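This is target.pdb (PDB, C-alpha atoms).
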ATOM      1  CA  MET K 271      34.910 -46.130 -92.560
ATOM      2  CA  GLU K 272      36.629 -42.798 -91.995
ATOM      3  CA  THR K 273      39.776 -42.141 -94.022
ATOM      4  CA  PRO K 274      42.776 -40.077 -92.869
ATOM      5  CA  THR K 275      41.707 -37.353 -95.277
ATOM      6  CA  SER K 276      38.173 -37.199 -93.934
ATOM      7  CA  ASP K 277      39.493 -37.289 -90.364
ATOM      8  CA  SER K 278      41.742 -34.308 -91.128
ATOM      9  CA  ALA K 279      38.869 -32.424 -92.712
ATOM     10  CA  ALA K 280      36.644 -33.115 -89.736
ATOM     11  CA  ALA K 281      39.363 -31.974 -87.336
ATOM     12  CA  ALA K 282      39.932 -28.793 -89.331
ATOM     13  CA  SER K 283      36.205 -28.090 -89.381
ATOM     14  CA  ALA K 284      35.943 -28.638 -85.628
ATOM     15  CA  GLN K 285      38.920 -26.355 -85.023
ATOM     16  CA  ALA K 286      37.379 -23.636 -87.181
ATOM     17  CA  ASP K 287      34.031 -23.923 -85.399
ATOM     18  CA  ALA K 288      35.700 -23.831 -81.983
ATOM     19  CA  ALA K 289      37.720 -20.759 -82.965
ATOM     20  CA  ALA K 290      34.588 -19.028 -84.248
ATOM     21  CA  ILE K 291      32.687 -19.777 -81.036
ATOM     22  CA  CYS K 292      35.569 -18.585 -78.845
ATOM     23  CA  ALA K 293      35.854 -15.407 -80.928
ATOM     24  CA  GLN K 294      32.157 -14.675 -80.454
ATOM     25  CA  ILE K 295      32.464 -15.086 -76.691
ATOM     26  CA  ALA K 296      35.665 -13.014 -76.523
ATOM     27  CA  ALA K 297      33.950 -10.193 -78.417
ATOM     28  CA  VAL K 298      31.375  -9.895 -75.621
ATOM     29  CA  PHE K 299      34.091  -8.631 -73.275
ATOM     30  CA  SER K 300      35.207  -5.872 -75.646
ATOM     31  CA  ALA K 301      31.708  -4.724 -76.590
ATOM     32  CA  PRO K 302      31.059  -1.059 -75.721
ATOM     33  CA  THR K 303      28.809  -0.507 -72.707
ATOM     34  CA  PRO K 304      28.084   2.525 -70.511
ATOM     35  CA  HIS K 305      28.059   0.239 -67.474
ATOM     36  CA  PRO K 306      31.029  -0.883 -65.354
ATOM     37  CA  PRO K 307      32.632  -4.183 -66.426
ATOM     38  CA  ALA K 308      30.625  -7.146 -65.148
ATOM     39  CA  ARG K 309      33.767  -8.751 -63.721
ATOM     40  CA  SER K 310      34.540  -5.693 -61.584
ATOM     41  CA  VAL K 311      30.979  -5.531 -60.283
ATOM     42  CA  LEU K 312      30.877  -9.215 -59.369
ATOM     43  CA  VAL K 313      34.302  -9.209 -57.728
ATOM     44  CA  ALA K 314      33.476  -6.109 -55.662
ATOM     45  CA  GLU K 315      30.142  -7.484 -54.475
ATOM     46  CA  LEU K 316      31.461 -10.964 -53.673
ATOM     47  CA  ALA K 317      34.486  -9.555 -51.843
ATOM     48  CA  ALA K 318      32.224  -7.242 -49.831
ATOM     49  CA  ALA K 319      29.931 -10.125 -48.912
ATOM     50  CA  ALA K 320      32.932 -12.160 -47.762
ATOM     51  CA  ALA K 321      34.266  -9.226 -45.719
ATOM     52  CA  ARG K 322      30.998  -8.766 -43.834
ATOM     53  CA  GLY K 323      30.551 -12.509 -43.286
ATOM     54  CA  GLY K 324      27.500 -12.744 -45.510
ATOM     55  CA  ARG K 325      26.334 -15.766 -47.417
ATOM     56  CA  VAL K 326      26.042 -15.885 -51.192
ATOM     57  CA  PHE K 327      22.961 -17.239 -52.946
ATOM     58  CA  VAL K 328      22.768 -17.777 -56.691
ATOM     59  CA  HIS K 329      19.787 -18.216 -58.971
ATOM     60  CA  GLY K 330      19.034 -18.562 -62.648
ATOM     61  CA  VAL K 331      16.708 -20.561 -64.859
ATOM     62  CA  GLY K 332      17.395 -22.994 -67.684
ATOM     63  CA  ARG K 333      20.957 -23.036 -68.993
ATOM     64  CA  GLU K 334      21.650 -19.777 -67.178
ATOM     65  CA  GLY K 335      20.814 -21.659 -63.995
ATOM     66  CA  LEU K 336      23.413 -24.314 -64.830
ATOM     67  CA  MET K 337      26.074 -21.625 -65.190
ATOM     68  CA  MET K 338      25.007 -20.140 -61.857
ATOM     69  CA  ARG K 339      25.351 -23.539 -60.197
ATOM     70  CA  ALA K 340      28.863 -23.838 -61.634
ATOM     71  CA  LEU K 341      29.716 -20.460 -60.087
ATOM     72  CA  CYS K 342      28.254 -21.545 -56.740
ATOM     73  CA  MET K 343      30.471 -24.632 -56.749
ATOM     74  CA  ARG K 344      33.620 -22.593 -57.278
ATOM     75  CA  LEU K 345      32.607 -20.070 -54.610
ATOM     76  CA  ALA K 346      32.285 -22.985 -52.179
ATOM     77  CA  HIS K 347      35.750 -24.145 -53.227
ATOM     78  CA  LEU K 348      36.977 -20.653 -52.345
ATOM     79  CA  GLY K 349      35.607 -21.107 -48.837
ATOM     80  CA  LEU K 350      32.566 -18.858 -49.214
ATOM     81  CA  PRO K 351      29.205 -19.994 -47.785
ATOM     82  CA  ALA K 352      27.498 -20.293 -51.183
ATOM     83  CA  HIS K 353      24.095 -21.813 -51.884
ATOM     84  CA  CYS K 354      21.812 -22.372 -54.866
ATOM     85  CA  VAL K 355      18.296 -21.051 -54.421
ATOM     86  CA  GLY K 356      15.891 -23.978 -54.292
ATOM     87  CA  ASP K 357      18.315 -26.525 -52.883
ATOM     88  CA  VAL K 358      16.811 -28.281 -49.858
ATOM     89  CA  THR K 359      19.874 -27.389 -47.764
ATOM     90  CA  ALA K 360      19.811 -23.664 -48.611
ATOM     91  CA  PRO K 361      19.518 -21.642 -45.377
ATOM     92  CA  PRO K 362      17.377 -18.520 -44.997
ATOM     93  CA  ALA K 363      18.782 -15.358 -46.533
ATOM     94  CA  GLY K 364      19.187 -12.147 -44.577
ATOM     95  CA  GLY K 365      20.087  -8.523 -45.014
ATOM     96  CA  GLY K 366      23.838  -9.104 -44.929
ATOM     97  CA  ASP K 367      23.700 -11.763 -47.624
ATOM     98  CA  LEU K 368      24.116 -11.416 -51.390
ATOM     99  CA  LEU K 369      21.809 -12.871 -54.013
ATOM    100  CA  VAL K 370      23.396 -13.143 -57.461
ATOM    101  CA  ALA K 371      20.626 -13.651 -60.010
ATOM    102  CA  SER K 372      20.860 -13.995 -63.769
ATOM    103  CA  ALA K 373      18.173 -12.816 -66.162
ATOM    104  CA  GLY K 374      19.779 -12.492 -69.567
ATOM    105  CA  PRO K 375      16.730 -11.057 -71.368
ATOM    106  CA  GLY K 376      16.146  -8.575 -68.539
ATOM    107  CA  ALA K 377      13.568 -10.373 -66.401
ATOM    108  CA  PHE K 378      12.216 -13.782 -65.461
ATOM    109  CA  SER K 379       9.143 -14.117 -63.245
ATOM    110  CA  THR K 380      10.868 -16.590 -60.897
ATOM    111  CA  VAL K 381      13.921 -14.358 -60.500
ATOM    112  CA  ASP K 382      11.671 -11.392 -59.802
ATOM    113  CA  ALA K 383       9.651 -13.306 -57.212
ATOM    114  CA  ILE K 384      12.539 -14.345 -54.934
ATOM    115  CA  CYS K 385      14.262 -10.983 -54.651
ATOM    116  CA  GLY K 386      13.897  -8.636 -51.721
ATOM    117  CA  VAL K 387      15.327 -10.559 -48.771
ATOM    118  CA  ALA K 388      19.020  -9.886 -49.453
ATOM    119  CA  ARG K 389      21.234  -7.526 -51.414
ATOM    120  CA  VAL K 390      20.548  -8.314 -55.078
ATOM    121  CA  LEU K 391      23.117  -8.349 -57.871
ATOM    122  CA  LEU K 392      21.451  -8.863 -61.237
ATOM    123  CA  LEU K 393      23.506 -10.188 -64.142
ATOM    124  CA  THR K 394      21.807  -9.391 -67.433
ATOM    125  CA  ALA K 395      22.323  -8.583 -71.087
ATOM    126  CA  ARG K 396      19.546  -5.987 -70.937
ATOM    127  CA  PRO K 397      20.095  -3.679 -67.967
ATOM    128  CA  ASP K 398      17.651  -1.155 -69.391
ATOM    129  CA  GLY K 399      15.308  -3.622 -71.039
ATOM    130  CA  GLY K 400      12.715  -4.136 -68.324
ATOM    131  CA  GLU K 401      11.279  -3.039 -65.011
ATOM    132  CA  PHE K 402      13.164  -5.640 -62.974
ATOM    133  CA  PRO K 403      16.631  -4.018 -62.912
ATOM    134  CA  ARG K 404      15.260  -0.680 -61.834
ATOM    135  CA  ARG K 405      12.778  -2.099 -59.311
ATOM    136  CA  GLN K 406      14.542  -4.969 -57.588
ATOM    137  CA  ALA K 407      18.312  -4.968 -58.137
ATOM    138  CA  ASP K 408      20.661  -3.135 -55.804
ATOM    139  CA  VAL K 409      23.405  -3.398 -58.416
ATOM    140  CA  VAL K 410      23.447  -4.528 -62.045
ATOM    141  CA  ALA K 411      26.248  -6.318 -63.884
ATOM    142  CA  HIS K 412      25.945  -5.894 -67.646
ATOM    143  CA  LEU K 413      27.054  -8.782 -69.867
ATOM    144  CA  PRO K 414      26.411  -7.511 -73.417
ATOM    145  CA  ALA K 415      25.749 -10.793 -75.202
ATOM    146  CA  GLN K 416      22.933 -12.070 -77.388
ATOM    147  CA  THR K 417      20.064 -13.765 -75.555
ATOM    148  CA  MET K 418      17.102 -15.689 -76.885
ATOM    149  CA  ALA K 419      15.067 -12.483 -76.782
ATOM    150  CA  ASP K 420      17.531 -10.804 -79.158
ATOM    151  CA  GLU K 421      17.405 -13.742 -81.553
ATOM    152  CA  GLU K 422      13.619 -13.672 -81.617
ATOM    153  CA  GLU K 423      13.733 -10.005 -82.590
ATOM    154  CA  GLU K 424      16.373 -10.681 -85.264
ATOM    155  CA  ASP K 425      14.318 -13.578 -86.645
ATOM    156  CA  ALA K 426      11.301 -11.315 -86.975
ATOM    157  CA  GLU K 427      13.373  -8.730 -88.843
ATOM    158  CA  ALA K 428      15.065 -11.346 -91.039
ATOM    159  CA  ALA K 429      11.917 -13.292 -91.955
ATOM    160  CA  GLY K 430      12.194 -14.563 -95.494
ATOM    161  CA  THR K 431      15.961 -14.143 -95.756
ATOM    162  CA  GLU K 432      18.503 -16.920 -96.216
ATOM    163  CA  ARG K 433      19.199 -18.765 -92.974
ATOM    164  CA  SER K 434      22.547 -20.136 -94.165
ATOM    165  CA  SER K 435      24.262 -16.850 -93.330
ATOM    166  CA  LEU K 436      23.364 -17.327 -89.663
ATOM    167  CA  ARG K 437      24.677 -20.875 -89.291
ATOM    168  CA  ALA K 438      27.969 -19.767 -87.749
ATOM    169  CA  LYS K 439      26.212 -17.806 -84.994
ATOM    170  CA  LEU K 440      25.576 -19.422 -81.634
ATOM    171  CA  PRO K 441      21.814 -19.987 -81.366
ATOM    172  CA  MET K 442      19.299 -18.673 -78.882
ATOM    173  CA  GLY K 443      20.957 -17.733 -75.581
ATOM    174  CA  SER K 444      24.138 -19.752 -76.083
ATOM    175  CA  LEU K 445      26.374 -16.695 -76.464
ATOM    176  CA  TYR K 446      25.180 -15.197 -73.175
ATOM    177  CA  GLU K 447      25.486 -18.553 -71.407
ATOM    178  CA  GLY K 448      28.981 -19.210 -72.790
ATOM    179  CA  ALA K 449      30.034 -15.706 -71.791
ATOM    180  CA  MET K 450      28.670 -16.363 -68.293
ATOM    181  CA  PHE K 451      31.003 -19.347 -67.916
ATOM    182  CA  VAL K 452      34.046 -17.364 -69.041
ATOM    183  CA  LEU K 453      33.062 -14.393 -66.870
ATOM    184  CA  PHE K 454      32.694 -16.597 -63.803
ATOM    185  CA  GLU K 455      36.101 -18.205 -64.353
ATOM    186  CA  MET K 456      37.672 -14.738 -64.475
ATOM    187  CA  VAL K 457      35.774 -13.734 -61.337
ATOM    188  CA  VAL K 458      36.905 -16.870 -59.480
ATOM    189  CA  LEU K 459      40.555 -16.188 -60.361
ATOM    190  CA  GLU K 460      40.288 -12.616 -59.081
ATOM    191  CA  ILE K 461      38.372 -13.545 -55.914
ATOM    192  CA  ALA K 462      40.978 -16.222 -55.185
ATOM    193  CA  ARG K 463      43.651 -13.490 -55.292
ATOM    194  CA  VAL K 464      41.566 -11.162 -53.108
ATOM    195  CA  LEU K 465      40.922 -13.864 -50.505
ATOM    196  CA  GLY K 466      44.428 -15.322 -50.707
ATOM    197  CA  GLN K 467      43.171 -18.742 -51.743
ATOM    198  CA  SER K 468      45.569 -21.111 -53.510
ATOM    199  CA  PRO K 469      44.608 -23.873 -55.966
ATOM    200  CA  ALA K 470      45.601 -26.423 -53.309
ATOM    201  CA  GLN K 471      43.232 -24.839 -50.783
ATOM    202  CA  MET K 472      40.424 -24.843 -53.324
ATOM    203  CA  ARG K 473      41.106 -28.472 -54.225
ATOM    204  CA  ALA K 474      40.963 -29.473 -50.561
ATOM    205  CA  ARG K 475      37.322 -28.272 -50.438
ATOM    206  CA  HIS K 476      36.260 -30.363 -53.433
ATOM    207  CA  THR K 477      33.863 -33.149 -52.606
ATOM    208  CA  ASN K 478      35.208 -36.676 -52.201
ATOM    209  CA  LEU K 479      31.787 -38.247 -52.753
ATOM    210  CA  GLU K 480      31.950 -38.452 -56.549
TER     211      GLU K 480
END
Output the file's structure as structure tokens, nothing else.
Amino acid sequence: METPTSDSAAAASAQADAAAICAQIAAVFSAPTPHPPARSVLVAELAAAAARGGRVFVHGVGREGLMMRALCMRLAHLGLPAHCVGDVTAPPAGGGDLLVASAGPGAFSTVDAICGVARVLLLTARPDGGEFPRRQADVVAHLPAQTMADEEEEDAEAAGTERSSLRAKLPMGSLYEGAMFVLFEMVVLEIARVLGQSPAQMRARHTNLE
């Protein structure tokens, strides 16, 4: 049975871990980069798509894909015609539409394969790390966070060293994925201001089939 003392210790440990995780994510947005801020790029592209009456398609794989679906949901709440690539109700994409794709490590074969039928915005941690950004993306949004590819490289360099020193770091691509969520919330707030959408208007578009 847990005692008040152990409960307090557990709460303090959880608070410390949460603060450490939030600090890691916050640091992503102050990291130096030669590229324009990802938020500015996303807001500009989404606002332009809305102004020309284009649809927005989103795509990502794995946990990145889950973050992209979360963004798509909020874009729909903002009144934008937003769709997830692969959904059975997704309409065809055209030249006036925007495809927002995430490839944290720089490239994924599935992301590469679907591009070319709409304007492509690539969100990535490695804008110069592969052929995809240069070949397929019309615009690149740089989110300078660790991905699984970075961790694999660090593991190779740190082979044989103590792992305990790395326990506080978010594993694999978690930092990039967590930063995606925070980035998208900031983008939604700004797009809501640009489009003049209130919280009440967004709420009215939420599904009632839950």
Name the residues that the PyMOL selection byres ((chain K and resi 357-373) around 7) picks from the file above, as a ChimeraX atom specification, using the file's chain letters and numbers.
-> /K:319,324-330,334,353-356,374-378,381,387-394
Best match for closeness to Pro414 (chain K) among K:Glu455, K:Ala301, K:Glu460, K:Ser468, counting only C-alpha atoms =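 Using only C-alpha atoms, the shortest distance to Pro414 (chain K) belongs to K:Ala301.
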Can you tell me how far CA of Val457 (chain K) sits from CA of Gln285 (chain K), in Å to one decimal?
-> 27.0 Å
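Here CA of Phe454 (chain K) stands at a distance of 22.4 Å from CA of Gln406 (chain K).
Proximity ranking of K:Pro307, K:Ala281, K:Leu312, K:Arg344 relative to His476 (chain K) places K:Arg344 first, based on all atoms listed in the file.
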Identify which of the residues K:Pro302, K:His347, K:Arg333, K:Ser278 lies closest to Gly448 (chain K), counting all atoms listed in the file when measuring atom-to-atom distances.
->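 Residue with the minimum atom-to-atom distance to Gly448 (chain K): K:Arg333.
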One residue among K:Val331, K:Ala286, K:Val458, K:Ala470 is nearest to Met343 (chain K) when using all atoms listed in the file, and that residue is K:Val458
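Counting only C-alpha atoms and comparing K:Ala284, K:Ala407, K:Val311, K:Ala320, the residue that lies closest to Ala346 (chain K) is K:Ala320.
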Identify which of the residues K:Met442, K:Ala280, K:Ala352, K:Val313 lies closest to Met338 (chain K), counting all atoms listed in the file when measuring atom-to-atom distances.
-> K:Ala352
Return as a CSV table (one decimal) with C-alpha atoms, in the frame of the given file the set of residues that the PyMOL selection byres ((chain K and resi 292-295) around 9) yields on the displayed structure.
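As written to disk, part-v4.csv reads:
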chain,number,residue,atom,x,y,z
K,287,ASP,CA,34.0,-23.9,-85.4
K,288,ALA,CA,35.7,-23.8,-82.0
K,289,ALA,CA,37.7,-20.8,-83.0
K,290,ALA,CA,34.6,-19.0,-84.2
K,291,ILE,CA,32.7,-19.8,-81.0
K,296,ALA,CA,35.7,-13.0,-76.5
K,297,ALA,CA,34.0,-10.2,-78.4
K,298,VAL,CA,31.4,-9.9,-75.6
K,299,PHE,CA,34.1,-8.6,-73.3
K,415,ALA,CA,25.7,-10.8,-75.2
K,439,LYS,CA,26.2,-17.8,-85.0
K,440,LEU,CA,25.6,-19.4,-81.6
K,445,LEU,CA,26.4,-16.7,-76.5
K,446,TYR,CA,25.2,-15.2,-73.2
K,448,GLY,CA,29.0,-19.2,-72.8
K,449,ALA,CA,30.0,-15.7,-71.8
K,452,VAL,CA,34.0,-17.4,-69.0
Taken to one decimal, the CA of Ala419 (chain K)-CA of Leu316 (chain K) distance is 28.4 Å
